[in-house]
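Worksheet: one structure, shown below.
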Amino acid sequence: MKNFFIILIMKVLHFILKVCGKKGGNFLGKIAYDWNPDIFKYFKIDCPIIAVTATNGKTMTNNAIGYVFKTAGKKVISNTEGNNMETGILSTILKNCTLTGKVKADYLVFEVDEGYVPVVFKDLKLDTLVILDFFRDQLDRNGEVESLILRINDFLKTYTGNLVLNNDDPNVARLRTSKSRKLKYLLLQC
C-alpha cells in the first residue's frame, strides 16, 4: 500500500510540474527513492528492457534504438532527457506507470550511467545490455576506469540476458570472458 501512495503523490507532483511548464528531471525519482529504495520491485513490467551504458555515446545510441522501435509502430518508454541514474530512470517509470505500478509499453529503452547499472538492475529484469566504451571520464565520481570495468564485470556474473559489446574498445571487448552463466553476447565492430 505504501508504494501505491508514493506513486499517487508522484503523479500529483508530475501534474503540477507539467502545469508549471517543468519536466522535473530526476526530482520525482529522488523523492520516491528516498521514501522507498526498494520501489523498483513494485513495478509490473511485461516487456523487454534494453539498457545502453558507456562513458560516451549513451544518449545518441539510446535515442536511436528507441527511434527504431517507434518508427516500427511500437510503444517505447525511454529516458530521452538523459536522466540516467537510478532516480532519473525511476522518474521515467513513475511518469509512465499506473497507480498499481503497471507499465504498459512494447519496450523500455534506458540510457544508464555506467556506474549505476548494478543499482538500477538489481530489481528490474534487464533483457539486453549494450556497452559502448569506457574512457577516463569523471574520475572524481567513478574512480579509475578499471573500477568501472570490475563493477560491470561483477554485475555480468549474475546477468543472464543478451549482451552487445563494442569490440573496438578493448576494455569492453574483454567483458565477453566474464564468468557469467551462458551469457549470450554480440560483438560489434564500429
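For the C-alpha cells, the naming scheme is as follows: chains receive sequential letters (A, B, ...) according to their order of presentation, residues are indexed from 1 within each chain, and ligands are indexed from 1 in presentation order.
The environment of Thr53 of chain A within 7 Å, counting only C-alpha atoms and disregarding residues fewer than 6 places along the same chain, consists of A:Glu111, A:Val112, A:Asp113, A:Glu114, A:Val130, A:Ile131, A:Leu132.
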Do a neighbour search on segment 73-77 of chain A at 6 Å with only C-alpha atoms, toss out local chain neighbours closer than 3 positions, and write the hits as a short mmCIF file (atom, residue, chain, number, x, y, z; two decimals) with N, CA and C atoms, in the first residue's frame.
```
data_model
loop_
_atom_site.label_atom_id
_atom_site.label_comp_id
_atom_site.auth_asym_id
_atom_site.auth_seq_id
_atom_site.Cartn_x
_atom_site.Cartn_y
_atom_site.Cartn_z
N PHE A 69 12.41 1.52 -32.80
CA PHE A 69 11.20 0.84 -32.35
C PHE A 69 9.95 1.69 -32.56
N LYS A 70 10.05 3.00 -32.31
CA LYS A 70 8.90 3.89 -32.50
C LYS A 70 8.48 3.95 -33.96
N ALA A 105 3.95 -0.86 -22.21
CA ALA A 105 4.81 -0.49 -23.33
C ALA A 105 5.24 -1.75 -24.05
N ASP A 106 5.72 -1.57 -25.27
CA ASP A 106 6.31 -2.69 -26.01
C ASP A 106 7.78 -2.86 -25.65
N TYR A 107 8.46 -1.73 -25.35
CA TYR A 107 9.88 -1.76 -24.98
C TYR A 107 10.17 -0.63 -24.00
N LEU A 108 11.04 -0.90 -23.04
CA LEU A 108 11.64 0.14 -22.21
C LEU A 108 13.09 0.24 -22.66
#
```
Env of Cys97 of chain A: 12 Å cut, atoms = only C-alpha atoms, seq-sep filter 3 positions within chain, self excluded. Answer as a PDB file with C-alpha atoms, in the first residue's frame.
```pdb
ATOM      1  CA  PHE A   4       0.599   2.976  -4.149  1.00  0.00           C
ATOM      2  CA  ILE A   7       3.098   6.689  -6.929  1.00  0.00           C
ATOM      3  CA  LEU A   8      -0.092   8.688  -6.310  1.00  0.00           C
ATOM      4  CA  MET A  10       4.427  11.445  -7.622  1.00  0.00           C
ATOM      5  CA  LYS A  11       1.593  11.560 -10.203  1.00  0.00           C
ATOM      6  CA  PHE A  40      11.740  -0.825  -8.277  1.00  0.00           C
ATOM      7  CA  TYR A  42       6.860  -2.826  -7.077  1.00  0.00           C
ATOM      8  CA  PHE A  43       6.637  -2.234 -10.835  1.00  0.00           C
ATOM      9  CA  LYS A  44       4.944  -4.742 -13.113  1.00  0.00           C
ATOM     10  CA  ILE A  45       6.828  -4.710 -16.409  1.00  0.00           C
ATOM     11  CA  ILE A  77       9.229   4.376 -22.869  1.00  0.00           C
ATOM     12  CA  LEU A  90      12.684   5.854 -11.653  1.00  0.00           C
ATOM     13  CA  SER A  91      11.213   9.243 -12.645  1.00  0.00           C
ATOM     14  CA  THR A  92      10.659   7.959 -16.187  1.00  0.00           C
ATOM     15  CA  ILE A  93       8.904   4.836 -14.914  1.00  0.00           C
ATOM     16  CA  LEU A  94       6.781   6.820 -12.427  1.00  0.00           C
ATOM     17  CA  THR A 100      -0.695  -0.086  -9.278  1.00  0.00           C
ATOM     18  CA  GLY A 101       2.783   0.058 -10.852  1.00  0.00           C
ATOM     19  CA  LYS A 102       1.871  -1.479 -14.213  1.00  0.00           C
ATOM     20  CA  VAL A 103       3.978  -0.204 -17.094  1.00  0.00           C
ATOM     21  CA  LYS A 104       2.296  -0.511 -20.498  1.00  0.00           C
ATOM     22  CA  ALA A 105       4.814  -0.486 -23.329  1.00  0.00           C
ATOM     23  CA  LEU A 108      11.638   0.141 -22.215  1.00  0.00           C
TER      24      LEU A 108
END
```
Write out as a PDB file with C-alpha atoms, in the first residue's frame the set of residues from chain A that DSSP, computed on the backbone, places in alpha helix (DSSP H).
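Everything below was put into states_2.pdb:
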```pdb
ATOM      1  CA  LYS A   2       2.945   2.305   0.711  1.00  0.00           C
ATOM      2  CA  ASN A   3       4.117   2.183  -2.924  1.00  0.00           C
ATOM      3  CA  PHE A   4       0.599   2.976  -4.149  1.00  0.00           C
ATOM      4  CA  PHE A   5       0.634   6.221  -2.157  1.00  0.00           C
ATOM      5  CA  ILE A   6       4.167   7.075  -3.294  1.00  0.00           C
ATOM      6  CA  ILE A   7       3.098   6.689  -6.929  1.00  0.00           C
ATOM      7  CA  LEU A   8      -0.092   8.688  -6.310  1.00  0.00           C
ATOM      8  CA  ILE A   9       1.881  11.557  -4.777  1.00  0.00           C
ATOM      9  CA  MET A  10       4.427  11.445  -7.622  1.00  0.00           C
ATOM     10  CA  LYS A  11       1.593  11.560 -10.203  1.00  0.00           C
ATOM     11  CA  VAL A  12       0.165  14.668  -8.495  1.00  0.00           C
ATOM     12  CA  LEU A  13       3.627  16.283  -8.374  1.00  0.00           C
ATOM     13  CA  HIS A  14       4.184  15.425 -12.038  1.00  0.00           C
ATOM     14  CA  PHE A  15       0.878  17.088 -12.953  1.00  0.00           C
ATOM     15  CA  ILE A  16       1.833  20.222 -11.002  1.00  0.00           C
ATOM     16  CA  LEU A  17       5.244  20.331 -12.685  1.00  0.00           C
ATOM     17  CA  LYS A  18       3.630  19.971 -16.133  1.00  0.00           C
ATOM     18  CA  VAL A  19       1.199  22.813 -15.386  1.00  0.00           C
ATOM     19  CA  PHE A  27      13.017  15.057  -8.999  1.00  0.00           C
ATOM     20  CA  LEU A  28      10.145  12.553  -8.776  1.00  0.00           C
ATOM     21  CA  GLY A  29      12.514   9.607  -8.666  1.00  0.00           C
ATOM     22  CA  LYS A  30      14.652  11.236  -5.981  1.00  0.00           C
ATOM     23  CA  ILE A  31      11.682  11.680  -3.658  1.00  0.00           C
ATOM     24  CA  ALA A  32      10.254   8.215  -4.358  1.00  0.00           C
ATOM     25  CA  TYR A  33      13.664   6.528  -3.951  1.00  0.00           C
ATOM     26  CA  ASP A  34      14.301   8.355  -0.672  1.00  0.00           C
ATOM     27  CA  TRP A  35      10.924   7.165   0.634  1.00  0.00           C
ATOM     28  CA  LYS A  58      24.899   6.644 -24.440  1.00  0.00           C
ATOM     29  CA  THR A  59      22.314   9.299 -25.233  1.00  0.00           C
ATOM     30  CA  MET A  60      22.623   9.114 -29.009  1.00  0.00           C
ATOM     31  CA  THR A  61      22.612   5.308 -29.050  1.00  0.00           C
ATOM     32  CA  ASN A  62      19.708   5.083 -26.587  1.00  0.00           C
ATOM     33  CA  ASN A  63      17.633   7.554 -28.573  1.00  0.00           C
ATOM     34  CA  ALA A  64      18.466   5.813 -31.871  1.00  0.00           C
ATOM     35  CA  ILE A  65      17.320   2.434 -30.518  1.00  0.00           C
ATOM     36  CA  GLY A  66      14.107   3.989 -29.209  1.00  0.00           C
ATOM     37  CA  TYR A  67      13.535   5.756 -32.531  1.00  0.00           C
ATOM     38  CA  VAL A  68      13.877   2.496 -34.481  1.00  0.00           C
ATOM     39  CA  PHE A  69      11.203   0.836 -32.346  1.00  0.00           C
ATOM     40  CA  LYS A  70       8.904   3.887 -32.500  1.00  0.00           C
ATOM     41  CA  THR A  71       9.103   4.069 -36.280  1.00  0.00           C
ATOM     42  CA  GLU A  86      18.536   5.351 -10.592  1.00  0.00           C
ATOM     43  CA  THR A  87      16.445   8.422  -9.722  1.00  0.00           C
ATOM     44  CA  GLY A  88      16.160   9.543 -13.356  1.00  0.00           C
ATOM     45  CA  ILE A  89      15.118   6.098 -14.558  1.00  0.00           C
ATOM     46  CA  LEU A  90      12.684   5.854 -11.653  1.00  0.00           C
ATOM     47  CA  SER A  91      11.213   9.243 -12.645  1.00  0.00           C
ATOM     48  CA  THR A  92      10.659   7.959 -16.187  1.00  0.00           C
ATOM     49  CA  ILE A  93       8.904   4.836 -14.914  1.00  0.00           C
ATOM     50  CA  LEU A  94       6.781   6.820 -12.427  1.00  0.00           C
ATOM     51  CA  LYS A  95       5.560   9.135 -15.185  1.00  0.00           C
ATOM     52  CA  VAL A 117      23.923  -0.487 -13.984  1.00  0.00           C
ATOM     53  CA  PRO A 118      24.161  -2.782 -10.926  1.00  0.00           C
ATOM     54  CA  VAL A 119      21.996  -0.418  -8.845  1.00  0.00           C
ATOM     55  CA  VAL A 120      19.166   0.027 -11.358  1.00  0.00           C
ATOM     56  CA  LEU A 139      37.295  10.240 -12.286  1.00  0.00           C
ATOM     57  CA  ASP A 140      36.123  12.172  -9.223  1.00  0.00           C
ATOM     58  CA  ARG A 141      32.814  10.287  -9.282  1.00  0.00           C
ATOM     59  CA  ASN A 142      33.701   6.920 -10.800  1.00  0.00           C
ATOM     60  CA  VAL A 145      38.239   3.083 -15.468  1.00  0.00           C
ATOM     61  CA  GLU A 146      39.321  -0.266 -14.064  1.00  0.00           C
ATOM     62  CA  SER A 147      36.923   0.213 -11.115  1.00  0.00           C
ATOM     63  CA  LEU A 148      34.010   0.669 -13.528  1.00  0.00           C
ATOM     64  CA  ILE A 149      35.007  -2.354 -15.581  1.00  0.00           C
ATOM     65  CA  LEU A 150      35.237  -4.529 -12.466  1.00  0.00           C
ATOM     66  CA  ARG A 151      31.836  -3.282 -11.252  1.00  0.00           C
ATOM     67  CA  ILE A 152      30.213  -4.112 -14.607  1.00  0.00           C
ATOM     68  CA  ASN A 153      32.058  -7.448 -14.723  1.00  0.00           C
ATOM     69  CA  ASP A 154      30.675  -8.343 -11.273  1.00  0.00           C
ATOM     70  CA  PHE A 155      27.179  -7.485 -12.496  1.00  0.00           C
ATOM     71  CA  LEU A 156      27.670  -9.712 -15.561  1.00  0.00           C
ATOM     72  CA  PRO A 170      39.441  -3.410 -25.656  1.00  0.00           C
ATOM     73  CA  ASN A 171      38.077  -2.604 -22.185  1.00  0.00           C
ATOM     74  CA  VAL A 172      34.580  -3.512 -23.359  1.00  0.00           C
ATOM     75  CA  ALA A 173      35.556  -6.470 -25.541  1.00  0.00           C
TER      76      ALA A 173
END
```
Distance of atom CA of Ile39 of chain A from atom CA of Val164 of chain A, expressed in Å to one decimal place: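 Atom-to-atom, atom CA of Val164 of chain A and atom CA of Ile39 of chain A are spaced 27.9 Å apart.
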Test item, strand (DSSP E) assignment across segment 1-186 of chain A, answer as a PyMOL selection string: chain A and resi 44-45+49-53+76-78+102-103+107-111+128-131+162-166+184-186
Closest of A:Thr98, A:Thr160, A:Thr80, A:Asn167 to Phe134 of chain A - atom-to-atom distances counting only C-alpha atoms: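 Among A:Thr98, A:Thr160, A:Thr80, A:Asn167, it is A:Asn167 that comes nearest to Phe134 of chain A.
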Atom pair atom CA of Lys23 of chain A / atom CA of Ile50 of chain A: separation (Å): 23.1 Å
